[in-house]
file data.txt (compact mmCIF, C-alpha atoms)
# COMPACT_ATOMS: atom_id res chain seq x y z
CA MET A 1409 129.22 43.47 -13.26
CA ASN A 1410 126.94 41.52 -10.92
CA PHE A 1411 124.68 40.73 -13.89
CA LEU A 1412 127.65 39.50 -15.91
CA ILE A 1413 128.80 37.19 -13.13
CA ARG A 1414 125.29 35.76 -12.68
CA ALA A 1415 124.83 35.32 -16.42
CA ALA A 1416 128.21 33.55 -16.66
CA ALA A 1417 127.27 31.24 -13.79
CA ILE A 1418 123.92 30.38 -15.39
CA ALA A 1419 125.53 29.81 -18.80
CA ALA A 1420 128.17 27.57 -17.21
CA MET A 1421 125.49 25.54 -15.43
CA LEU A 1422 123.53 25.08 -18.66
CA HIS A 1423 126.56 24.10 -20.72
CA ILE A 1424 126.14 20.64 -22.20
CA THR A 1425 129.15 18.42 -21.68
CA PRO A 1426 130.50 16.08 -24.40
CA ILE A 1427 129.10 12.62 -25.01
CA VAL A 1428 131.07 9.60 -23.83
CA VAL A 1429 130.65 5.95 -24.78
CA LEU A 1430 129.75 3.89 -21.70
CA VAL A 1431 129.36 0.58 -23.51
CA LYS A 1432 130.56 0.03 -27.08
CA ARG A 1433 127.82 -0.92 -29.52
CA PRO A 1434 129.33 -4.35 -30.39
CA ASP A 1435 129.45 -5.18 -26.66
CA ALA A 1436 125.81 -4.10 -26.25
CA VAL A 1437 124.83 -6.22 -29.27
CA GLN A 1438 126.58 -9.29 -27.84
CA ALA A 1439 124.90 -8.77 -24.47
CA LEU A 1440 121.41 -8.23 -25.88
CA LEU A 1441 121.50 -10.75 -28.75
CA PRO A 1442 123.54 -13.54 -27.10
CA GLY A 1443 124.73 -16.29 -29.40
CA ALA A 1444 123.75 -14.51 -32.61
CA ASP A 1445 126.09 -15.12 -35.54
CA ALA A 1446 124.28 -13.09 -38.21
CA TYR A 1447 122.59 -9.74 -38.05
CA VAL A 1448 120.20 -7.71 -40.14
CA ALA A 1449 119.35 -4.02 -39.92
CA ARG A 1450 115.64 -3.39 -40.44
CA GLU A 1451 115.04 0.28 -41.24
CA VAL A 1452 111.41 1.34 -40.91
CA HIS A 1453 110.81 4.61 -42.76
CA LEU A 1454 107.69 6.00 -41.09
CA SER A 1455 104.92 7.68 -43.05
CA GLY A 1456 103.71 11.02 -41.73
CA THR A 1457 100.65 9.33 -40.19
CA ASP A 1458 102.64 6.63 -38.43
CA ALA A 1459 105.25 9.11 -37.23
CA HIS A 1460 102.43 11.22 -35.78
CA ARG A 1461 100.90 8.13 -34.11
CA LEU A 1462 104.23 7.27 -32.49
CA HIS A 1463 104.72 10.85 -31.39
CA GLU A 1464 101.28 10.93 -29.80
CA ALA A 1465 102.00 7.67 -27.97
CA VAL A 1466 105.41 8.44 -26.46
CA ASP A 1467 106.11 12.11 -27.29
CA TRP A 1468 108.99 11.15 -29.57
CA SER A 1469 109.97 11.21 -33.23
CA PRO A 1470 112.93 9.09 -34.32
CA GLU A 1471 115.79 10.87 -36.06
CA ASP A 1472 114.93 11.49 -39.74
CA GLY A 1473 111.67 9.57 -39.24
CA VAL A 1474 113.49 6.22 -39.43
CA LEU A 1475 113.33 3.46 -36.81
CA VAL A 1476 116.24 1.02 -36.98
CA PHE A 1477 115.89 -2.44 -35.47
CA TYR A 1478 118.75 -4.92 -35.47
CA GLY A 1479 117.74 -8.56 -35.65
CA GLY A 1480 120.06 -11.41 -34.70
CA THR A 1481 119.98 -15.08 -35.67
CA ALA A 1482 121.95 -18.14 -34.61
CA GLY A 1483 121.86 -20.43 -37.61
CA SER A 1484 118.23 -20.30 -38.70
CA THR A 1485 116.86 -19.46 -35.25
CA SER A 1486 115.96 -15.92 -34.29
CA VAL A 1487 117.69 -14.68 -31.17
CA GLY A 1488 115.67 -11.46 -30.98
CA ALA A 1489 116.04 -7.82 -31.89
CA LEU A 1490 117.37 -4.63 -30.41
CA GLU A 1491 117.05 -0.89 -30.84
CA PHE A 1492 119.29 2.04 -29.96
CA VAL A 1493 117.13 4.93 -28.75
CA ARG A 1494 118.35 8.46 -28.05
CA VAL A 1495 116.79 10.56 -25.30
CA ASP A 1496 117.51 14.30 -25.28
CA THR A 1497 117.60 15.73 -21.77
CA PRO A 1498 118.38 19.25 -20.53
CA HIS A 1499 121.84 17.85 -19.67
CA GLY A 1500 122.44 16.47 -23.18
CA PRO A 1501 121.57 13.18 -24.87
CA ILE A 1502 121.78 9.62 -23.59
CA GLU A 1503 121.54 6.49 -25.72
CA VAL A 1504 119.77 3.38 -24.52
CA ALA A 1505 119.99 -0.06 -26.18
CA VAL A 1506 116.89 -2.18 -25.62
CA GLY A 1507 117.01 -5.86 -26.53
CA PHE A 1508 113.95 -8.05 -27.14
CA THR A 1509 113.54 -11.81 -27.05
CA PRO A 1510 111.95 -13.55 -30.07
CA ARG A 1511 108.67 -13.54 -28.08
CA GLY A 1512 108.75 -9.74 -27.83
CA ALA A 1513 109.69 -9.27 -24.18
CA VAL A 1514 112.55 -7.05 -23.05
CA ARG A 1515 115.65 -9.21 -22.62
CA GLY A 1516 117.83 -6.41 -21.30
CA VAL A 1517 118.65 -2.72 -21.37
CA VAL A 1518 122.10 -1.15 -21.68
CA VAL A 1519 122.87 2.56 -21.43
CA THR A 1520 125.47 2.97 -24.16
CA LYS A 1521 126.12 6.72 -24.18
CA ALA A 1522 125.73 9.70 -21.86
CA THR A 1523 127.32 13.07 -21.40
CA VAL A 1524 130.35 13.49 -19.15
CA GLU A 1525 128.08 15.18 -16.60
CA MET A 1526 125.50 12.39 -16.54
CA LYS A 1527 127.94 9.46 -16.64
CA PRO A 1528 128.27 9.13 -12.83
CA TRP A 1529 124.49 9.38 -12.42
CA VAL A 1530 124.00 6.60 -14.97
CA LEU A 1531 126.65 4.39 -13.36
CA GLU A 1532 125.07 4.91 -9.94
CA ALA A 1533 121.60 4.08 -11.27
CA VAL A 1534 122.84 0.95 -13.04
CA ALA A 1535 124.73 -0.15 -9.91
CA ALA A 1536 121.47 0.29 -7.97
CA GLY A 1537 119.83 -2.28 -10.25
CA LEU A 1538 118.07 0.06 -12.67
CA THR A 1539 118.16 -2.22 -15.70
CA ASP A 1540 116.79 -5.24 -13.76
CA HIS A 1541 113.42 -3.48 -13.62
CA TYR A 1542 112.90 -3.63 -17.38
CA ARG A 1543 113.42 -7.35 -17.91
CA GLY A 1544 110.32 -9.14 -19.20
CA LEU A 1545 108.40 -5.97 -20.12
CA LYS A 1546 106.26 -6.26 -23.24
CA PRO A 1547 104.86 -3.54 -25.51
CA GLY A 1548 102.08 -1.83 -23.58
CA GLY A 1549 103.96 -2.20 -20.30
CA VAL A 1550 105.16 0.82 -18.35
CA PRO A 1551 108.89 1.01 -17.50
CA GLY A 1552 109.37 1.55 -13.78
CA GLY A 1553 113.11 1.87 -13.38
CA ALA A 1554 113.01 5.28 -11.72
CA ALA A 1555 110.38 4.11 -9.26
CA GLY A 1556 112.42 1.02 -8.42
CA ILE A 1557 115.72 2.52 -7.23
CA PRO A 1558 114.99 5.31 -4.70
CA GLY A 1559 116.63 4.46 -1.39
CA ARG A 1560 119.48 2.73 -3.20
CA ALA A 1561 120.60 5.71 -5.30
CA GLY A 1562 120.78 9.49 -5.07
CA ASN A 1563 118.40 12.02 -6.58
CA LEU A 1564 120.43 12.55 -9.75
CA ALA A 1565 120.62 8.80 -10.40
CA VAL A 1566 116.84 8.59 -9.94
CA TYR A 1567 116.47 11.55 -12.31
CA VAL A 1568 118.55 9.89 -15.02
CA ALA A 1569 116.66 6.62 -14.44
CA GLY A 1570 113.52 8.54 -15.43
CA GLU A 1571 115.22 9.46 -18.70
CA VAL A 1572 116.19 5.82 -19.28
CA ASP A 1573 112.53 4.92 -18.61
CA LYS A 1574 111.60 7.28 -21.48
CA GLY A 1575 114.04 5.51 -23.80
CA VAL A 1576 112.65 2.08 -22.88
CA ALA A 1577 109.07 3.34 -23.33
CA ARG A 1578 109.97 4.60 -26.81
CA ALA A 1579 111.62 1.32 -27.74
CA LEU A 1580 108.59 -0.64 -26.50
CA ALA A 1581 106.17 1.56 -28.46
CA ALA A 1582 108.26 1.39 -31.64
CA TYR A 1583 108.83 -2.37 -31.39
CA GLY A 1584 105.19 -3.09 -30.59
CA ALA A 1585 103.81 -1.03 -33.44
CA PHE A 1586 106.37 -1.46 -36.21
CA TYR A 1587 108.78 -4.37 -35.81
CA ASN A 1588 106.63 -7.22 -37.03
CA HIS A 1589 103.73 -5.32 -38.50
CA VAL A 1590 105.31 -3.81 -41.59
CA ARG A 1591 106.48 -6.02 -44.43
CA ALA A 1592 109.92 -5.61 -45.91
CA MET B 778 141.80 57.88 -21.09
CA LEU B 779 141.37 56.70 -17.50
CA TYR B 780 141.39 53.02 -18.33
CA ASP B 781 144.81 52.19 -19.80
CA LEU B 782 146.16 48.70 -19.18
CA ARG B 783 149.75 49.87 -19.66
CA ARG B 784 149.46 52.10 -16.58
CA ALA B 785 146.84 50.12 -14.69
CA ASP B 786 147.34 49.00 -11.11
CA VAL B 787 149.25 45.71 -10.94
CA ARG B 788 146.14 44.07 -9.45
CA VAL B 789 144.16 44.90 -12.60
CA LYS B 790 147.00 43.60 -14.79
CA TRP B 791 147.12 40.41 -12.75
CA LEU B 792 143.33 39.98 -13.12
CA VAL B 793 143.46 40.48 -16.90
CA THR B 794 146.39 38.05 -17.17
CA GLY B 795 144.46 35.45 -15.21
CA LEU B 796 141.40 35.96 -17.40
CA LEU B 797 143.44 35.60 -20.60
CA ALA B 798 145.23 32.48 -19.32
CA THR B 799 141.93 30.87 -18.32
CA LEU B 800 140.27 31.69 -21.63
CA GLY B 801 143.36 30.44 -23.46
CA LEU B 802 143.12 27.11 -21.65
CA SER B 803 139.42 26.82 -22.51
CA TYR B 804 140.19 27.64 -26.17
CA VAL B 805 142.81 24.89 -26.34
CA PHE B 806 140.37 22.32 -24.97
CA GLY B 807 137.62 23.79 -27.16
CA ALA B 808 139.79 23.07 -30.19
CA ALA B 809 140.44 19.53 -28.90
CA MET B 810 136.69 19.02 -28.50
CA VAL B 811 136.04 20.24 -32.04
CA ALA B 812 138.70 17.80 -33.29
CA LEU B 813 136.98 14.94 -31.43
CA TYR B 814 133.37 15.65 -32.37
CA ALA B 815 133.21 17.68 -35.60
CA GLY B 816 136.70 17.86 -37.12
CA PHE B 817 138.37 20.70 -38.97
CA THR B 818 137.52 19.84 -42.57
CA PRO B 819 134.44 21.12 -44.44
CA GLN B 820 133.42 17.49 -45.10
CA SER B 821 133.47 16.44 -41.45
CA VAL B 822 131.70 19.61 -40.27
CA ALA B 823 129.04 19.16 -42.98
CA ALA B 824 128.56 15.51 -41.90
CA THR B 825 128.08 16.66 -38.30
CA TYR B 826 125.55 19.40 -38.95
CA ALA B 827 123.87 18.60 -42.26
CA GLY B 828 123.39 14.92 -41.38
CA ALA B 829 120.83 12.79 -43.17
CA GLU B 830 118.22 15.51 -42.93
CA MET B 831 119.53 16.93 -46.18
CA SER B 832 119.04 13.68 -48.07
CA MET B 833 115.52 12.66 -47.02
CA PRO B 834 113.42 15.64 -46.01
CA MET B 835 109.99 14.14 -46.81
CA PRO B 836 108.44 11.05 -45.16
CA PRO B 837 107.15 8.32 -47.51
CA GLU B 838 103.38 8.09 -48.24
CA THR B 839 103.20 4.73 -46.49
CA THR B 840 105.56 3.26 -43.95
CA MET B 841 108.16 1.12 -45.67
CA VAL B 842 110.94 -1.18 -44.58
CA VAL B 843 114.44 -1.62 -45.95
CA GLN B 844 116.52 -4.56 -44.72
CA ARG B 845 120.23 -5.08 -45.09
CA PRO B 846 122.63 -7.59 -43.59
CA MET B 847 125.00 -6.39 -40.89
CA SER B 848 128.25 -7.75 -39.57
CA MET B 849 129.65 -7.17 -36.11
CA ALA B 850 132.28 -4.95 -37.75
CA ASP B 851 129.48 -2.66 -38.95
CA PHE B 852 128.41 -2.12 -35.34
CA ALA B 853 131.99 -1.27 -34.44
CA GLY B 854 132.44 1.14 -37.35
CA PRO B 855 133.28 4.76 -36.59
CA GLU B 856 130.18 6.71 -35.79
CA VAL B 857 129.80 10.22 -37.11
CA HIS B 858 128.77 12.54 -34.32
CA THR B 859 125.70 14.31 -35.64
CA VAL B 860 123.86 17.34 -34.36
CA ASP B 861 120.18 17.35 -35.35
CA THR B 862 117.93 20.40 -35.34
CA LYS B 863 116.75 19.94 -31.74
CA LEU B 864 120.29 19.57 -30.44
CA LEU B 865 121.47 22.55 -32.48
CA ILE B 866 118.68 24.67 -30.98
CA GLN B 867 119.85 23.57 -27.53
CA ASP B 868 123.52 24.17 -28.41
CA THR B 869 122.76 27.63 -29.78
CA HIS B 870 120.71 28.49 -26.70
CA VAL B 871 123.47 27.56 -24.26
CA HIS B 872 126.59 28.51 -26.24
CA VAL B 873 125.68 31.91 -27.64
CA PRO B 874 125.25 33.63 -24.23
CA MET B 875 128.61 32.21 -23.12
CA TYR B 876 130.29 33.33 -26.34
CA GLY B 877 128.76 36.78 -25.82
CA LEU B 878 130.22 36.98 -22.31
CA ILE B 879 133.67 35.87 -23.53
CA ALA B 880 133.55 38.45 -26.34
CA ALA B 881 132.48 41.09 -23.81
CA ALA B 882 135.31 40.18 -21.42
CA LEU B 883 137.90 40.30 -24.22
CA GLY B 884 136.29 43.51 -25.50
CA VAL B 885 136.81 45.13 -22.09
CA VAL B 886 140.50 44.17 -22.37
CA VAL B 887 140.64 45.71 -25.87
CA VAL B 888 139.19 48.98 -24.51
CA GLY B 889 142.17 49.19 -22.13
CA LEU B 890 144.75 48.69 -24.88
CA SER B 891 146.62 51.50 -26.55
CA LEU B 892 145.27 51.05 -30.08
CA PRO B 893 143.99 53.37 -32.81
CA ARG B 894 140.22 53.73 -32.39
CA ARG B 895 139.52 52.00 -35.72
CA TRP B 896 141.64 49.00 -34.79
CA ALA B 897 139.91 48.69 -31.44
CA LEU B 898 136.47 48.93 -33.06
CA GLY B 899 137.47 46.34 -35.65
CA LEU B 900 138.85 43.96 -33.02
CA ILE B 901 135.72 44.26 -30.86
CA GLY B 902 133.62 43.70 -33.97
CA LEU B 903 135.62 40.56 -34.79
CA LEU B 904 135.22 39.24 -31.22
CA PHE B 905 131.43 39.36 -31.55
CA ALA B 906 131.14 38.55 -35.27
CA ALA B 907 133.14 35.30 -35.09
CA PRO B 908 130.70 33.43 -32.77
CA TRP B 909 127.73 34.83 -34.71
CA LEU B 910 129.23 33.47 -37.93
CA ASP B 911 130.14 30.19 -36.21
CA PHE B 912 126.50 29.43 -35.42
CA ALA B 913 125.24 31.00 -38.65
CA GLY B 914 127.48 28.52 -40.47
CA MET B 915 126.05 25.59 -38.50
CA TRP B 916 122.45 26.63 -39.23
CA LEU B 917 123.12 27.35 -42.90
CA THR B 918 124.88 23.97 -43.22
CA LYS B 919 121.82 22.28 -41.76
CA LEU B 920 119.10 24.26 -43.53
CA VAL B 921 120.58 25.49 -46.80
CA SER B 922 123.66 23.64 -48.02
CA PRO B 923 126.56 21.59 -46.59
CA ARG B 924 128.84 24.04 -48.41
CA PHE B 925 128.29 26.52 -45.56
CA ALA B 926 130.45 24.30 -43.32
CA ILE B 927 133.34 26.48 -44.47
CA VAL B 928 131.71 29.45 -42.69
CA THR B 929 131.79 27.58 -39.37
CA ILE B 930 135.42 26.58 -39.88
CA ALA B 931 136.47 30.13 -40.83
CA ALA B 932 134.56 31.58 -37.88
CA GLY B 933 136.14 29.10 -35.48
CA TRP B 934 139.60 30.09 -36.65
CA ALA B 935 138.58 33.76 -36.43
CA MET B 936 137.64 33.27 -32.77
CA GLY B 937 141.04 31.77 -32.06
CA VAL B 938 142.91 34.46 -34.00
CA ALA B 939 140.96 37.28 -32.30
CA TYR B 940 141.79 35.81 -28.89
CA LEU B 941 145.49 35.50 -29.79
CA ILE B 942 145.65 39.12 -31.00
CA VAL B 943 144.02 40.43 -27.81
CA ALA B 944 146.15 38.21 -25.56
CA ALA B 945 149.42 39.08 -27.31
CA LEU B 946 148.72 42.83 -27.30
CA ALA B 947 147.55 42.83 -23.68
CA ILE B 948 150.50 40.82 -22.35
CA HIS B 949 152.93 42.98 -24.33
CA GLN B 950 151.43 46.30 -23.25
CA MET B 951 150.90 45.32 -19.60
CA TRP B 952 154.16 43.53 -18.85
CA LEU B 953 156.72 44.12 -21.63
CA SER B 954 156.17 47.57 -23.13
CA ARG B 955 158.62 50.36 -22.27
CA GLU B 956 155.70 52.74 -21.76
CA ARG B 957 154.11 50.62 -19.04
CA GLY B 958 153.52 52.25 -15.69
call {"tool": "encode", "arguments": {"input": "data.txt", "output": "structure tokens"}}
result
Amino acid sequence: MNFLIRAAAIAAMLHITPIVVLVKRPDAVQALLPGADAYVAREVHLSGTDAHRLHEAVDWSPEDGVLVFYGGTAGSTSVGALEFVRVDTPHGPIEVAVGFTPRGAVRGVVVTKATVEMKPWVLEAVAAGLTDHYRGLKPGGVPGGAAGIPGRAGNLAVYVAGEVDKGVARALAAYGAFYNHVRA
Amino acid sequence: MLYDLRRADVRVKWLVTGLLATLGLSYVFGAAMVALYAGFTPQSVAATYAGAEMSMPMPPETTMVVQRPMSMADFAGPEVHTVDTKLLIQDTHVHVPMYGLIAAALGVVVVGLSLPRRWALGLIGLLFAAPWLDFAGMWLTKLVSPRFAIVTIAAGWAMGVAYLIVAALAIHQMWLSRERG
């Protein structure tokens, strides 16, 4: 009986809670591509070699081997691009939207989805200024959100900030290697 | 038999009733969660578990780009909740032990019911087979054919029906039967 109770407790602790939308995608798009009035989806279908290269760089393979960038324009002027990146954690997935300026620097980061369990950690991390730490980063840079908020947020918020760092690192690696370097 | 729920101490009956009520509540919300994230039709379950992996299993020889225009409405469109292989591994890892414990708990209730041996064996078999088939259906949908979504749907209903049979028999025998102690 003791074993059963312990096993039930462990199983309950490991149970992944459902995913909730923190910021709707259209709202994230408007925040990260401000002023855009036309959009294009740029799907990069990675070859086996390129997928392996990306995996070696950031320990990640995009779903179905396809990177999707969304570009925005205002009239004939580019406003930038953004990516939605999923990070699988032991507590379930989170989704991070990373927006880039036309010059290739991070304009902003929005956490769009998390599990019910992680939602308060994400909100605490964001309230502690997590996303400010990514602004201006360029491909090759190292996201330091988790290192930037201790003292202003609890341990779980710092933990989830580390997962957001992973998402930003993946977006930077994908954008740097594949956004402008493969012809449509 | 020593363990007979009809003649069990009222404390045991109260414990079993509490267990059944709690599991019933979790089943109701489980069904609500399925409705939110996977749906109850073979098409929606197949879309959740088979995903795009069925349509493009091989990467191209060289990296290629496909561009298409988007409108803001496209960003707002309903998103299909998908479960890829990694997430299904994680789901199987965390759900199957819990399903096993629920089946075991309901099986212990079945052992205390006054039922023909064959019925009890069949009911215990159903309690364990339904979650097995549930996850088998998800994996077969992902790896073999979206048509196996029907297995997951049937197994999900079987879990609910098995629970209802156990709960109805237990409540009847413990609290309503004339032969109760």
call {"tool": "interface_residues", "arguments": {"input": "data.txt", "of": "chain A", "to": "chain B", "cutoff": "6 Å", "atoms": "all atoms listed in the file", "output": "list in words"}}
result
Ala1419, His1423, Arg1433, Pro1434, Tyr1447, Val1448, Ala1449, Arg1450, Glu1451, Val1452, His1453, Leu1454, Ser1455, Gly1456 and Ala1592 of chain A
call {"tool": "atom_distance", "arguments": {"input": "data.txt", "atom1": "atom CA of B:Ser803", "atom2": "atom CA of B:Gly884"}}
result
17.2 Å
call {"tool": "residues_around", "arguments": {"input": "data.txt", "residues": "A:Gly1552", "least_positions_apart": "5", "cutoff": "8 Å", "atoms": "all atoms listed in the file", "output": "PyMOL selection string"}}
result
chain A and resi 1541-1542+1573
call {"tool": "closest_residue", "arguments": {"input": "data.txt", "among": "B:Ile901, B:Ile930, B:Val943, B:Trp952", "to": "B:Gln820", "atoms": "all atoms listed in the file"}}
result
B:Ile930
call {"tool": "closest_residue", "arguments": {"input": "data.txt", "among": "B:Leu941, B:Ala827, B:Leu898, B:Leu917", "to": "B:Val860", "atoms": "all atoms listed in the file"}}
result
B:Ala827
call {"tool": "atom_distance", "arguments": {"input": "data.txt", "atom1": "atom CA of B:Leu890", "atom2": "atom CA of B:Arg783"}}
result
7.3 Å
call {"tool": "residues_around", "arguments": {"input": "data.txt", "residues": "B:Ala944", "least_positions_apart": "4", "cutoff": "10 Å", "atoms": "all atoms listed in the file", "output": "ChimeraX atom specification"}}
result
/B:793-794,796-798,800-801,883,886-887,938-940,948-950
call {"tool": "write_last_selection", "arguments": {"input": "data.txt", "atoms": "C-alpha atoms", "output": "tab-separated table (two decimals), in the coordinates of the input"}}
result
chain	number	residue	atom	x	y	z
B	793	VAL	CA	143.46	40.48	-16.90
B	794	THR	CA	146.39	38.05	-17.17
B	796	LEU	CA	141.40	35.96	-17.40
B	797	LEU	CA	143.44	35.60	-20.60
B	798	ALA	CA	145.23	32.48	-19.32
B	800	LEU	CA	140.27	31.69	-21.63
B	801	GLY	CA	143.36	30.44	-23.46
B	883	LEU	CA	137.90	40.30	-24.22
B	886	VAL	CA	140.50	44.17	-22.37
B	887	VAL	CA	140.64	45.71	-25.87
B	938	VAL	CA	142.91	34.46	-34.00
B	939	ALA	CA	140.96	37.28	-32.30
B	940	TYR	CA	141.79	35.81	-28.89
B	948	ILE	CA	150.50	40.82	-22.35
B	949	HIS	CA	152.93	42.98	-24.33
B	950	GLN	CA	151.43	46.30	-23.25
